[in-house]
Amino acid sequence: MSLIASGRTQTVTDIEAQTVLDEVRPARTAPHRRRASAKVEPFTVVSYACVSIFAVFCLVPLWMIVAGSFTDESALAANGYSFWPAPFSLAAYQLLFSGQSLVSGYVASLFITIVGTALSLSCTASLAWVIARRLPRVSRPLTIFAYIPMLFTGGLVPLYLLVTQVLDLSNSWFSVILPIMLAPFLIFVAVSFFRQLPEEILDSARMDGAGELRIFFQIVIPLSKPILAVLGLFYAVTYWNEWFMALLFISDPDKFPLQLILQNLISNVTNAATLPGASAAQAAAPVYQLRFAMTVMTIAPILFAYPFAQRFFVKGLTLGATKG
């Protein structure tokens, strides 16, 4: 009896000891695990350092442009670029906002950008979806139709005759929108994205009785937000920076977009300052400062709009790079 009791006592003691060891062991190994997980790899350090240096190279010129737009014209002419606006001056911005032309230019540019981006996204997504479906006797002709403009163009004179005489869009904002409404390269980017959508989801929708239009608007479009954000950003930047089409087809100063207004302003101020009989006020016009201010005014809306589409932009560019 005593041996059996002693054996049971030792067994219980061993179990208790093992329990204590199990409780103590994680507490001892936890700091070691934390130290191992907190170790930073050299590749991560080099990557962050390279990205930081590249960001500095990108931000320094931008900051110098902003600083130059607030620097007095005499200091810019004498010293050139500087990191700090000394002496501080608002002459260029006062000249830009002195009339109503800048406000009307913003209205025109916003209309062209918003309406043009919406129309371009609709047409690009629709055309790319039909091409991606590989429909017989439909997809191949549309593919050729979208591919030919990447190789050949009709020329400037046929384009001018088409817009002004056939379509009769002179002095209309749509004369700027329609000629650049479809970008062939972006069409094929959307096609490659649509072809990576899972066929099982589309087949399941068809078995439930959904038509092609319902599949496109209720399934394909919600799944394509990343690529649509990328296409929208590319189209928006193109429309916002477009001024040559406005120069060709718009002659009413009240309908000039912002870029054309600022281009004309810079040309007029520069020419007036270099004329032999220019007055003292014209000769003292802030030409260099006005160029910097014009750059700030044109890129500011895009810089403010980009952060809202950044996560979709990065996801849309990287999606489809690898499969698995």
# chains A, B, ... in the order shown; residues from 1 in each chain; ligands from 1
call {"tool": "residues_around", "arguments": {"residues": "Pro85 of chain A", "least_positions_apart": "5", "cutoff": "12 Å", "atoms": "only C-alpha atoms", "output": "list in words"}}
result
Trp63, Met64, Ile65, Val66, Ala67, Gly68, Ser69, Phe70, Thr71, Asp72, Glu73, Ser74, Ala75, Leu76, Asn79, Gly80, Leu90 and Gln289 of chain A
call {"tool": "write_last_selection", "arguments": {"atoms": "N, CA and C atoms", "output": "JSON list (two decimals), in the first residue's frame"}}
result
[["chain", "number", "residue", "atom", "x", "y", "z"],
["A", 63, "TRP", "N", 8.99, 71.64, -54.52],
["A", 63, "TRP", "CA", 9.02, 72.69, -53.51],
["A", 63, "TRP", "C", 9.71, 73.95, -54.04],
["A", 64, "MET", "N", 10.74, 73.79, -54.86],
["A", 64, "MET", "CA", 11.42, 74.96, -55.40],
["A", 64, "MET", "C", 10.51, 75.73, -56.35],
["A", 65, "ILE", "N", 9.63, 75.02, -57.07],
["A", 65, "ILE", "CA", 8.66, 75.72, -57.92],
["A", 65, "ILE", "C", 7.67, 76.51, -57.08],
["A", 66, "VAL", "N", 7.18, 75.89, -56.00],
["A", 66, "VAL", "CA", 6.26, 76.59, -55.11],
["A", 66, "VAL", "C", 6.94, 77.80, -54.48],
["A", 67, "ALA", "N", 8.18, 77.63, -54.02],
["A", 67, "ALA", "CA", 8.90, 78.75, -53.42],
["A", 67, "ALA", "C", 9.17, 79.84, -54.45],
["A", 68, "GLY", "N", 9.48, 79.44, -55.69],
["A", 68, "GLY", "CA", 9.73, 80.44, -56.72],
["A", 68, "GLY", "C", 8.50, 81.25, -57.07],
["A", 69, "SER", "N", 7.32, 80.64, -56.95],
["A", 69, "SER", "CA", 6.09, 81.39, -57.24],
["A", 69, "SER", "C", 5.82, 82.48, -56.21],
["A", 70, "PHE", "N", 6.42, 82.37, -55.03],
["A", 70, "PHE", "CA", 6.25, 83.38, -53.98],
["A", 70, "PHE", "C", 7.49, 84.26, -53.80],
["A", 71, "THR", "N", 8.46, 84.13, -54.70],
["A", 71, "THR", "CA", 9.68, 84.92, -54.62],
["A", 71, "THR", "C", 9.58, 86.13, -55.55],
["A", 72, "ASP", "N", 10.12, 87.25, -55.12],
["A", 72, "ASP", "CA", 10.08, 88.47, -55.92],
["A", 72, "ASP", "C", 10.82, 88.26, -57.24],
["A", 73, "GLU", "N", 10.31, 88.92, -58.28],
["A", 73, "GLU", "CA", 10.86, 88.75, -59.63],
["A", 73, "GLU", "C", 12.32, 89.17, -59.70],
["A", 74, "SER", "N", 12.71, 90.24, -59.00],
["A", 74, "SER", "CA", 14.10, 90.69, -59.04],
["A", 74, "SER", "C", 15.05, 89.66, -58.46],
["A", 75, "ALA", "N", 14.62, 89.00, -57.38],
["A", 75, "ALA", "CA", 15.46, 87.96, -56.78],
["A", 75, "ALA", "C", 15.57, 86.74, -57.68],
["A", 76, "LEU", "N", 14.48, 86.39, -58.38],
["A", 76, "LEU", "CA", 14.54, 85.27, -59.31],
["A", 76, "LEU", "C", 15.46, 85.56, -60.48],
["A", 79, "ASN", "N", 19.19, 85.69, -58.72],
["A", 79, "ASN", "CA", 19.72, 84.52, -58.02],
["A", 79, "ASN", "C", 19.20, 83.19, -58.54],
["A", 80, "GLY", "N", 18.12, 83.19, -59.28],
["A", 80, "GLY", "CA", 17.56, 81.94, -59.77],
["A", 80, "GLY", "C", 16.76, 81.23, -58.69],
["A", 90, "LEU", "N", 3.60, 88.29, -53.75],
["A", 90, "LEU", "CA", 2.38, 87.70, -54.30],
["A", 90, "LEU", "C", 1.99, 88.35, -55.62],
["A", 289, "GLN", "N", 8.36, 84.59, -62.16],
["A", 289, "GLN", "CA", 7.46, 84.26, -61.06],
["A", 289, "GLN", "C", 6.10, 83.81, -61.58]]
call {"tool": "closest_residue", "arguments": {"among": "A:Ser267, A:Ser47, A:Ser109, A:Ser52", "to": "Ile177 of chain A", "atoms": "only C-alpha atoms"}}
result
A:Ser109
call {"tool": "residues_around", "arguments": {"residues": "Leu110 of chain A", "least_positions_apart": "3", "cutoff": "12 Å", "atoms": "only C-alpha atoms", "output": "PyMOL selection string"}}
result
chain A and resi 103-107+113-117+173+177+236-237+239-242+255-259+298+301-302
call {"tool": "select_by_dssp", "arguments": {"residues": "segment 20-200 of chain A", "states": "alpha helix (DSSP H)", "output": "MDAnalysis selection string"}}
result
chainID A and resid 20:37 42:69 73:79 91:96 101:132 139:147 156:161 174:177 184:194 199:200
call {"tool": "closest_residue", "arguments": {"among": "A:Ala91, A:Leu127, A:Val46, A:Leu260", "to": "Ser139 of chain A", "atoms": "only C-alpha atoms"}}
result
A:Leu127
call {"tool": "residues_around", "arguments": {"residues": "Tyr160 of chain A", "least_positions_apart": "3", "cutoff": "10 Å", "atoms": "only C-alpha atoms", "output": "list in words"}}
result
Gly155, Leu156, Val157, Val163, Thr164, Gln165, Val166, Ser170, Ser175, Pro179, Met245, Leu248 and Phe249 of chain A
call {"tool": "write_last_selection", "arguments": {"atoms": "C-alpha atoms", "output": "mmCIF file, in the first residue's frame"}}
result
data_model
loop_
_atom_site.group_PDB
_atom_site.id
_atom_site.type_symbol
_atom_site.label_atom_id
_atom_site.label_comp_id
_atom_site.auth_asym_id
_atom_site.auth_seq_id
_atom_site.Cartn_x
_atom_site.Cartn_y
_atom_site.Cartn_z
ATOM 1 C CA GLY A 155 -3.680 63.866 -89.555
ATOM 2 C CA LEU A 156 -4.453 67.341 -88.308
ATOM 3 C CA VAL A 157 -6.341 68.645 -91.348
ATOM 4 C CA VAL A 163 -14.728 68.595 -85.808
ATOM 5 C CA THR A 164 -15.547 71.978 -87.307
ATOM 6 C CA GLN A 165 -17.569 71.098 -90.432
ATOM 7 C CA VAL A 166 -18.946 67.577 -90.051
ATOM 8 C CA SER A 170 -16.578 74.940 -83.026
ATOM 9 C CA SER A 175 -14.452 69.677 -79.403
ATOM 10 C CA PRO A 179 -10.894 63.802 -80.191
ATOM 11 C CA MET A 245 -7.338 71.014 -78.988
ATOM 12 C CA LEU A 248 -7.560 74.661 -82.557
ATOM 13 C CA PHE A 249 -11.316 74.618 -82.033
#
call {"tool": "residues_around", "arguments": {"residues": "Phe188 of chain A", "least_positions_apart": "3", "cutoff": "12 Å", "atoms": "only C-alpha atoms", "output": "VMD selection string"}}
result
chain A and resid 124 to 132 142 to 147 150 182 to 185 191 to 195 227 231
call {"tool": "residues_around", "arguments": {"residues": "Leu96 of chain A", "least_positions_apart": "3", "cutoff": "10 Å", "atoms": "only C-alpha atoms", "output": "ChimeraX atom specification"}}
result
/A:91-93,99-103,261-262,265,290,293-294,297
call {"tool": "write_last_selection", "arguments": {"atoms": "N, CA and C atoms", "output": "PDB file, in the first residue's frame"}}
result
ATOM      1  N   ALA A  91       2.970  88.975 -56.281  1.00  0.00           N
ATOM      2  CA  ALA A  91       2.656  89.716 -57.507  1.00  0.00           C
ATOM      3  C   ALA A  91       2.109  88.803 -58.596  1.00  0.00           C
ATOM      4  N   ALA A  92       2.658  87.588 -58.741  1.00  0.00           N
ATOM      5  CA  ALA A  92       2.202  86.686 -59.797  1.00  0.00           C
ATOM      6  C   ALA A  92       0.765  86.229 -59.550  1.00  0.00           C
ATOM      7  N   TYR A  93       0.444  85.885 -58.314  1.00  0.00           N
ATOM      8  CA  TYR A  93      -0.916  85.438 -58.014  1.00  0.00           C
ATOM      9  C   TYR A  93      -1.916  86.592 -58.091  1.00  0.00           C
ATOM     10  N   GLY A  99      -8.486  89.251 -62.884  1.00  0.00           N
ATOM     11  CA  GLY A  99      -9.695  89.287 -63.714  1.00  0.00           C
ATOM     12  C   GLY A  99     -10.534  88.041 -63.523  1.00  0.00           C
ATOM     13  N   GLN A 100     -11.593  87.943 -64.323  1.00  0.00           N
ATOM     14  CA  GLN A 100     -12.494  86.807 -64.255  1.00  0.00           C
ATOM     15  C   GLN A 100     -12.078  85.670 -65.182  1.00  0.00           C
ATOM     16  N   SER A 101     -11.028  85.866 -65.947  1.00  0.00           N
ATOM     17  CA  SER A 101     -10.639  84.840 -66.920  1.00  0.00           C
ATOM     18  C   SER A 101     -10.175  83.564 -66.228  1.00  0.00           C
ATOM     19  N   LEU A 102      -9.522  83.698 -65.071  1.00  0.00           N
ATOM     20  CA  LEU A 102      -9.047  82.507 -64.372  1.00  0.00           C
ATOM     21  C   LEU A 102     -10.212  81.676 -63.839  1.00  0.00           C
ATOM     22  N   VAL A 103     -11.245  82.347 -63.345  1.00  0.00           N
ATOM     23  CA  VAL A 103     -12.424  81.618 -62.849  1.00  0.00           C
ATOM     24  C   VAL A 103     -13.115  80.878 -63.990  1.00  0.00           C
ATOM     25  N   ILE A 261      -5.588  79.644 -71.168  1.00  0.00           N
ATOM     26  CA  ILE A 261      -5.560  81.004 -70.623  1.00  0.00           C
ATOM     27  C   ILE A 261      -4.178  81.342 -70.075  1.00  0.00           C
ATOM     28  N   LEU A 262      -3.625  80.440 -69.310  1.00  0.00           N
ATOM     29  CA  LEU A 262      -2.315  80.697 -68.718  1.00  0.00           C
ATOM     30  C   LEU A 262      -1.219  80.723 -69.781  1.00  0.00           C
ATOM     31  N   LEU A 265      -1.508  84.051 -71.369  1.00  0.00           N
ATOM     32  CA  LEU A 265      -1.050  85.078 -70.437  1.00  0.00           C
ATOM     33  C   LEU A 265       0.468  85.154 -70.381  1.00  0.00           C
ATOM     34  N   LEU A 290       5.661  84.394 -62.676  1.00  0.00           N
ATOM     35  CA  LEU A 290       4.372  84.019 -63.262  1.00  0.00           C
ATOM     36  C   LEU A 290       4.415  82.602 -63.824  1.00  0.00           C
ATOM     37  N   ALA A 293       4.055  80.346 -60.804  1.00  0.00           N
ATOM     38  CA  ALA A 293       2.686  80.396 -60.301  1.00  0.00           C
ATOM     39  C   ALA A 293       1.731  79.649 -61.236  1.00  0.00           C
ATOM     40  N   MET A 294       1.956  79.750 -62.538  1.00  0.00           N
ATOM     41  CA  MET A 294       1.131  79.027 -63.492  1.00  0.00           C
ATOM     42  C   MET A 294       1.275  77.522 -63.288  1.00  0.00           C
ATOM     43  N   MET A 297      -0.654  76.509 -60.163  1.00  0.00           N
ATOM     44  CA  MET A 297      -2.106  76.553 -60.362  1.00  0.00           C
ATOM     45  C   MET A 297      -2.600  75.375 -61.202  1.00  0.00           C
TER      46      MET A 297
END
call {"tool": "closest_residue", "arguments": {"among": "A:Leu162, A:Ala118, A:Leu59, A:Ala77", "to": "Val287 of chain A", "atoms": "only C-alpha atoms"}}
result
A:Ala77
call {"tool": "residues_around", "arguments": {"residues": "segment 213-221 of chain A", "least_positions_apart": "2", "cutoff": "10 Å", "atoms": "only C-alpha atoms", "output": "PyMOL selection string"}}
result
chain A and resi 125-126+129+194+197+201-203+205-206+209-211+223-228
call {"tool": "write_last_selection", "arguments": {"atoms": "C-alpha atoms", "output": "mmCIF file, in the first residue's frame"}}
result
data_model
loop_
_atom_site.group_PDB
_atom_site.id
_atom_site.type_symbol
_atom_site.label_atom_id
_atom_site.label_comp_id
_atom_site.auth_asym_id
_atom_site.auth_seq_id
_atom_site.Cartn_x
_atom_site.Cartn_y
_atom_site.Cartn_z
ATOM 1 C CA ALA A 125 -14.984 49.898 -70.241
ATOM 2 C CA SER A 126 -17.792 48.991 -72.644
ATOM 3 C CA TRP A 129 -15.598 44.255 -72.162
ATOM 4 C CA PHE A 194 -11.429 41.852 -67.777
ATOM 5 C CA LEU A 197 -12.080 37.915 -63.984
ATOM 6 C CA ILE A 201 -18.895 33.991 -61.252
ATOM 7 C CA LEU A 202 -20.091 34.975 -64.718
ATOM 8 C CA ASP A 203 -21.363 31.475 -65.511
ATOM 9 C CA ALA A 205 -24.905 34.645 -62.976
ATOM 10 C CA ARG A 206 -25.950 33.355 -66.400
ATOM 11 C CA GLY A 209 -30.915 34.164 -65.566
ATOM 12 C CA ALA A 210 -28.833 37.352 -65.636
ATOM 13 C CA GLY A 211 -28.323 39.014 -69.006
ATOM 14 C CA LEU A 223 -15.088 43.986 -59.438
ATOM 15 C CA SER A 224 -13.247 46.450 -61.712
ATOM 16 C CA LYS A 225 -12.949 49.435 -59.379
ATOM 17 C CA PRO A 226 -9.109 49.292 -59.245
ATOM 18 C CA ILE A 227 -8.649 49.362 -63.022
ATOM 19 C CA LEU A 228 -11.392 51.965 -63.451
#
